[in-house]
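Student: Handing you this structure, nothing more for now.
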Amino acid sequence: MATRATPTTPRTTSPGTSPSRTPGAPARALTPEIVVATALEIADREGLGAVTLARVARELGCHVTSLYTTHIDSIDDLHARMGLAAQSALAQRLWEAALGRSGADALRALADVYRDFGSAHPEQIRLLFAGAATTDPRVLEGARYLAEPIRATLRGFGLDDEQVRHAHRAFSAAVRGFSMAEAQGAYPTDADITFDQIVDLFVQALERGSWPRLPRVIPPNVEPDDEYFWSGVQRHQLLLQRCASCHTLRHPPVPMCGACHSLDWDTQEATGRGTVYSWVLSHHPSEPDAEARVVVLVELEEGVRFVANLVDADPDGVRNEMAVEVCFVELDGVLLPQFRAAAGNA
Ligand SMILES: [Zn+2]
């Protein structure tokens with residue numbers, strides 16, 4: 001069983017900047033940090049709903065207008081600053097926990113820190129998510145900094161970027177959800193056992209290398225109109241729709257002939273030979289390291305155009321009008337028609 005790190009007493013303020021002031025003591029210069037720290041203490045004690053500018057001023061023993069000297073001029077502004085402070089406090093603890101650790105050891109340490117923070121400061125965790133849909137660059141930068149120790153640990157298990165994205169969400173959601181329920185007294189007994197089991201589930205999947213991976217190819221959603229096409233692909237045939245009345249060929253599949261408006265059609269097998277009509281080099285949107293793909297618009301011998309990838313191609317050697325031929329390639333269990341340079345092509 002995993003040994004849980006001894007929880008440290010979470011602090012919302014740096015040592016030496018305690019915001020509390022003895023009534024009657026000389027007033028210290030009011031700073032935004034002191035106001036925010038005081039507001040966080042009120043939120044921790046009494047809930048976020050208790051935090052108002054007047055309440056914070058009262059806690060600080062000053063008049064509410066004094067808060068304006070700190071340029072905190074609205075409750076929304078105060079909440080935003082509290083969110084940033086909470087983000088920074090949790091991030092600091094996560095970075096410290098991850099330091100010098102990796103693998104399961106790091107993941108357990110991160111989970112413990114997250115749990116302790118969430119249990120002690122459920123209102124601050126809520127604040128983190130109050131800004132979840134924001135476009136404020138400070139919040140987004142803070143969110144990236146907060147995520148990095150967890151993401152780095154997940155990458156250490158060999159996950160790719162897409163896996164890290166989802167594993168990070170799953171891990172944070174599990175740990176955060178547990179800690180917030182725990183803060184409400186949901187687990188009066190054996191909470192540590194449950195928590196260790198949650199973290200063990202992650203560790204086991206990650207160590208076994210069995211974290212789910214998104215398929216790179218989304219299987220076709222076969223409809224009655226294109227069922228013929230995908231059945232043909234299964235037989236390594238490239239089938240084109242042909243109007244039963246005027247014999248015009250068409251692709252992609254549509255119910256009606258564009259030339260004579262007939263709804264009757266049959267199919268014709270293409271030779272699979274054609275030429276590149278146009279092409280682009282496509283870079284993966286979220287995997288900058290993934291090899292770029294050559295996407296071609298092929299003009300088939302039959303006069304119909306067809307979009308597919310050009311496989312085994314050096315992008316520098318691709319030219320319009322180069323001769324290509326169809327090939328059938330299985331990607332993640334899905335058989336797809338692709339093209340390659342025709343045999344004898346320079
Ligand atoms: Zn027709």
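So you can find residues: chains in the structure tokens are A, B, ... in the order shown, residues in each start at 1, and ligands are numbered from 1 in order.
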May I have a table of the residues of chain A lying at most 9 Å from ligand 1, giving each one's closest pair of atoms and their distance in Å to one decimal, counting only C-alpha atoms and all ligand atoms, ordered by chain and ascending residue number, as a tab-separated table?

Tutor:
residue	atom	partner	partner_atom_place_in_ligand_line	distance
A:Arg242	CA	ligand 1	1 (Zn)	7.8
A:Cys243	CA	ligand 1	1 (Zn)	4.5
A:Ala244	CA	ligand 1	1 (Zn)	6.6
A:Ser245	CA	ligand 1	1 (Zn)	5.1
A:Cys246	CA	ligand 1	1 (Zn)	4.0
A:His247	CA	ligand 1	1 (Zn)	5.8
A:Thr248	CA	ligand 1	1 (Zn)	5.5
A:Leu249	CA	ligand 1	1 (Zn)	8.4
A:Met256	CA	ligand 1	1 (Zn)	7.9
A:Cys257	CA	ligand 1	1 (Zn)	4.6
A:Gly258	CA	ligand 1	1 (Zn)	6.6
A:Ala259	CA	ligand 1	1 (Zn)	5.0
A:Cys260	CA	ligand 1	1 (Zn)	4.1
A:His261	CA	ligand 1	1 (Zn)	5.9
A:Ser262	CA	ligand 1	1 (Zn)	5.3
A:Leu263	CA	ligand 1	1 (Zn)	8.1
A:Asp264	CA	ligand 1	1 (Zn)	8.1
A:Trp265	CA	ligand 1	1 (Zn)	8.1

Student: The selected residues should be written to file as a CSV table (one decimal), in the first residue's frame (atoms: N, CA and C atoms).

Tutor:
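And here is the file that came out, result_31.csv:
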chain,number,residue,atom,x,y,z
A,242,ARG,N,-22.5,5.6,-60.5
A,242,ARG,CA,-22.8,5.9,-61.9
A,242,ARG,C,-24.3,6.0,-62.1
A,243,CYS,N,-24.7,7.1,-62.7
A,243,CYS,CA,-26.1,7.4,-62.9
A,243,CYS,C,-26.7,6.3,-63.8
A,244,ALA,N,-27.8,5.6,-63.4
A,244,ALA,CA,-28.4,4.6,-64.2
A,244,ALA,C,-29.0,5.1,-65.5
A,245,SER,N,-29.3,6.4,-65.5
A,245,SER,CA,-30.0,7.0,-66.7
A,245,SER,C,-29.0,7.5,-67.7
A,246,CYS,N,-28.1,8.4,-67.3
A,246,CYS,CA,-27.2,9.1,-68.2
A,246,CYS,C,-25.8,8.6,-68.1
A,247,HIS,N,-25.5,7.7,-67.1
A,247,HIS,CA,-24.2,7.1,-67.0
A,247,HIS,C,-23.1,8.0,-66.5
A,248,THR,N,-23.4,9.2,-66.0
A,248,THR,CA,-22.4,10.1,-65.5
A,248,THR,C,-21.9,9.5,-64.2
A,249,LEU,N,-20.5,9.5,-64.1
A,249,LEU,CA,-19.9,9.1,-62.8
A,249,LEU,C,-19.9,10.2,-61.8
A,256,MET,N,-28.7,11.9,-55.8
A,256,MET,CA,-29.2,12.3,-57.1
A,256,MET,C,-28.2,12.7,-58.1
A,257,CYS,N,-28.4,12.3,-59.4
A,257,CYS,CA,-27.5,12.7,-60.5
A,257,CYS,C,-27.5,14.2,-60.7
A,258,GLY,N,-26.4,14.8,-60.7
A,258,GLY,CA,-26.3,16.3,-60.9
A,258,GLY,C,-26.6,16.6,-62.3
A,259,ALA,N,-26.4,15.7,-63.3
A,259,ALA,CA,-26.6,16.0,-64.7
A,259,ALA,C,-28.1,15.8,-65.1
A,260,CYS,N,-28.7,14.7,-64.7
A,260,CYS,CA,-30.1,14.5,-65.2
A,260,CYS,C,-31.1,14.4,-64.1
A,261,HIS,N,-30.6,14.5,-62.8
A,261,HIS,CA,-31.5,14.4,-61.6
A,261,HIS,C,-32.2,13.1,-61.4
A,262,SER,N,-31.6,12.1,-62.0
A,262,SER,CA,-32.2,10.7,-61.8
A,262,SER,C,-31.8,10.2,-60.4
A,263,LEU,N,-32.6,9.5,-59.7
A,263,LEU,CA,-32.3,8.9,-58.4
A,263,LEU,C,-31.8,7.5,-58.6
A,264,ASP,N,-31.8,7.0,-59.8
A,264,ASP,CA,-31.3,5.6,-60.0
A,264,ASP,C,-29.8,5.6,-60.3
A,265,TRP,N,-29.2,4.7,-59.7
A,265,TRP,CA,-27.7,4.6,-59.9
A,265,TRP,C,-27.2,3.2,-59.7

Student: Using DSSP on the backbone coordinates, identify all residues within stretch 114-325 of chain A classified as helix (DSSP H, G or I); present the result as a PyMOL selection string.

Tutor: chain A and resi 114-120+122-130+137-155+161-183+191-208+227-234+315-317

Student: Sort by chain and increasing residue number a table of all residues of stretch 136-223 of chain A within 9 Å of stretch 100-114 of chain A, each with its closest pair of atoms and their distance in Å to one decimal, counting only C-alpha atoms, and write it as a tab-separated table.

Tutor:
residue	atom	partner	partner_atom	distance
A:Pro149	CA	A:Leu110	CA	8.1
A:Ile150	CA	A:Leu110	CA	7.1
A:Ala152	CA	A:Ser102	CA	8.9
A:Thr153	CA	A:Ser102	CA	6.1
A:Leu154	CA	A:Gly103	CA	7.7
A:Gly156	CA	A:Gly103	CA	6.5
A:Phe157	CA	A:Gly103	CA	6.6
A:Phe171	CA	A:Ala111	CA	8.3
A:Ser172	CA	A:Tyr114	CA	8.2
A:Val175	CA	A:Ala111	CA	6.4
A:Arg176	CA	A:Tyr114	CA	7.0
A:Ser179	CA	A:Tyr114	CA	7.8
A:Phe195	CA	A:Ala111	CA	8.9
A:Asp196	CA	A:Arg108	CA	8.3
A:Val199	CA	A:Arg108	CA	6.6
A:Asp200	CA	A:Arg108	CA	8.4
A:Phe202	CA	A:Leu107	CA	8.6
A:Val203	CA	A:Ala104	CA	5.8
A:Gln204	CA	A:Ala104	CA	8.8
A:Leu206	CA	A:Ala104	CA	8.6
A:Glu207	CA	A:Ala104	CA	8.0

Student: Hey, can you spit out that residue selection with C-alpha atoms as a PDB file, in the first residue's frame?

Tutor:
ATOM      1  CA  PRO A 149       4.116  18.847 -12.758  1.00  0.00           C
ATOM      2  CA  ILE A 150       1.246  16.426 -13.389  1.00  0.00           C
ATOM      3  CA  ALA A 152       5.432  15.953 -16.896  1.00  0.00           C
ATOM      4  CA  THR A 153       4.865  12.957 -14.618  1.00  0.00           C
ATOM      5  CA  LEU A 154       2.331  11.503 -17.065  1.00  0.00           C
ATOM      6  CA  GLY A 156       7.270  10.063 -17.988  1.00  0.00           C
ATOM      7  CA  PHE A 157       5.038   7.007 -18.389  1.00  0.00           C
ATOM      8  CA  PHE A 171      -6.372  12.470 -12.677  1.00  0.00           C
ATOM      9  CA  SER A 172      -7.211  16.020 -11.606  1.00  0.00           C
ATOM     10  CA  VAL A 175      -8.371  13.767  -6.990  1.00  0.00           C
ATOM     11  CA  ARG A 176     -10.250  17.066  -6.893  1.00  0.00           C
ATOM     12  CA  SER A 179     -10.951  16.012  -1.900  1.00  0.00           C
ATOM     13  CA  PHE A 195      -7.916   7.388  -2.052  1.00  0.00           C
ATOM     14  CA  ASP A 196      -4.956   5.019  -2.357  1.00  0.00           C
ATOM     15  CA  VAL A 199      -4.309   6.541  -7.276  1.00  0.00           C
ATOM     16  CA  ASP A 200      -3.353   2.857  -7.654  1.00  0.00           C
ATOM     17  CA  PHE A 202      -3.899   5.305 -12.365  1.00  0.00           C
ATOM     18  CA  VAL A 203      -0.496   3.872 -11.470  1.00  0.00           C
ATOM     19  CA  GLN A 204      -1.427   0.363 -12.607  1.00  0.00           C
ATOM     20  CA  LEU A 206       0.151   3.784 -16.578  1.00  0.00           C
ATOM     21  CA  GLU A 207       2.812   1.259 -15.535  1.00  0.00           C
TER      22      GLU A 207
END

Student: Would you compute the distance between atom CA of A:Ala343 and atom CA of A:Ala313? Give it in Å to one decimal.

Tutor: 12.7 Å

Student: Give me, please, the distance in Å between atom CA of A:Met322 and atom CA of A:Ala270, quoted to one decimal.

Tutor: 18.0 Å

Student: Hey, what does DSSP flag as strand (DSSP E or B) within stretch 184-332 of chain A? Can you give it to me as a PyMOL selection string?

Tutor: chain A and resi 239-243+249-250+265-269+273-282+293-300+305-310+323-331

Student: Near A:Asp312, within 12 Å and counting only C-alpha atoms, which residues show up once chain neighbours fewer than 6 positions away are dropped, as a ChimeraX atom specification?

Tutor: /A:291-295,318,324,327,329,338-342

Student: Restricting the calculation to only C-alpha atoms, which member of A:Leu240, A:Ala120, A:Leu60, A:Ala133 is positioned closest to A:Thr31?

Tutor: A:Leu60

Student: For A:Glu302, find every residue with an atom within 10 Å (counting only C-alpha atoms), except residues of its own chain fewer than 5 positions away, and show them as a count of residues only.

Tutor: 10

Student: Taking into account only C-alpha atoms, which residue in the set A:Gly177, A:Gln163, A:Arg81, A:Pro122 is nearest to A:Asp136?

Tutor: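 Of all the options, A:Arg81 lies closest to A:Asp136.
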
Student: Determine, counting only C-alpha atoms, which protein, DNA and RNA residues have an atom within 8 Å of an atom of stretch 215-224 of chain A; residues of the same chain fewer than 5 positions away are not included. Present the result as a PDB file with N, CA and C atoms, in the first residue's frame.

Tutor:
ATOM      1  N   TRP A 230     -17.806   1.568 -49.149  1.00  0.00           N
ATOM      2  CA  TRP A 230     -17.000   0.927 -48.107  1.00  0.00           C
ATOM      3  C   TRP A 230     -16.959  -0.580 -48.275  1.00  0.00           C
ATOM      4  N   LEU A 331      -5.253   1.443 -41.237  1.00  0.00           N
ATOM      5  CA  LEU A 331      -4.789   2.343 -40.187  1.00  0.00           C
ATOM      6  C   LEU A 331      -5.677   2.162 -38.975  1.00  0.00           C
ATOM      7  N   ASP A 332      -5.092   1.762 -37.846  1.00  0.00           N
ATOM      8  CA  ASP A 332      -5.866   1.534 -36.621  1.00  0.00           C
ATOM      9  C   ASP A 332      -7.101   0.668 -36.883  1.00  0.00           C
ATOM     10  N   VAL A 334      -8.812   0.312 -39.578  1.00  0.00           N
ATOM     11  CA  VAL A 334      -9.734   0.801 -40.603  1.00  0.00           C
ATOM     12  C   VAL A 334      -9.025   0.748 -41.953  1.00  0.00           C
TER      13      VAL A 334
END

Student: Using only C-alpha atoms, which protein or nucleic acid residues come within 9 Å of A:Ala91? Drop anything in the same chain fewer than 2 positions from it, and give the result as a list of chain:residue names.

Tutor: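 Listing them by chain and then by number gives A:Ala86, A:Gln87, A:Ser88, A:Ala89, A:Arg93, A:Leu94, A:Trp95, A:Glu96, A:Gly142, A:Ala143, A:Tyr145, A:Leu146, A:Ala147, A:Glu148, A:Pro149.
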
Student: Take atom CA of A:Asp225 and atom CA of A:Tyr277 and report the distance between them in Å, one decimal.

Tutor: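 Computing it gives 25.9 Å between the two atoms.
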
Student: Which residues are close to A:Ala80, i.e. within 12 Å by only C-alpha atoms, leaving aside same-chain residues fewer than 4 positions away? Reply as a list in words.

Tutor: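 Here the qualifying residues turn out to be Val36, Ala39, Leu40, Ile72, Asp73, Ser74, Ile75, Asp76, Leu84, Ala85, Ala86, Gln87, Gln124, Arg126, Leu127, Leu128, Phe129, Ala130, Gly131, Ala132, Thr134, Asp136, Arg138 and Val139 of chain A.
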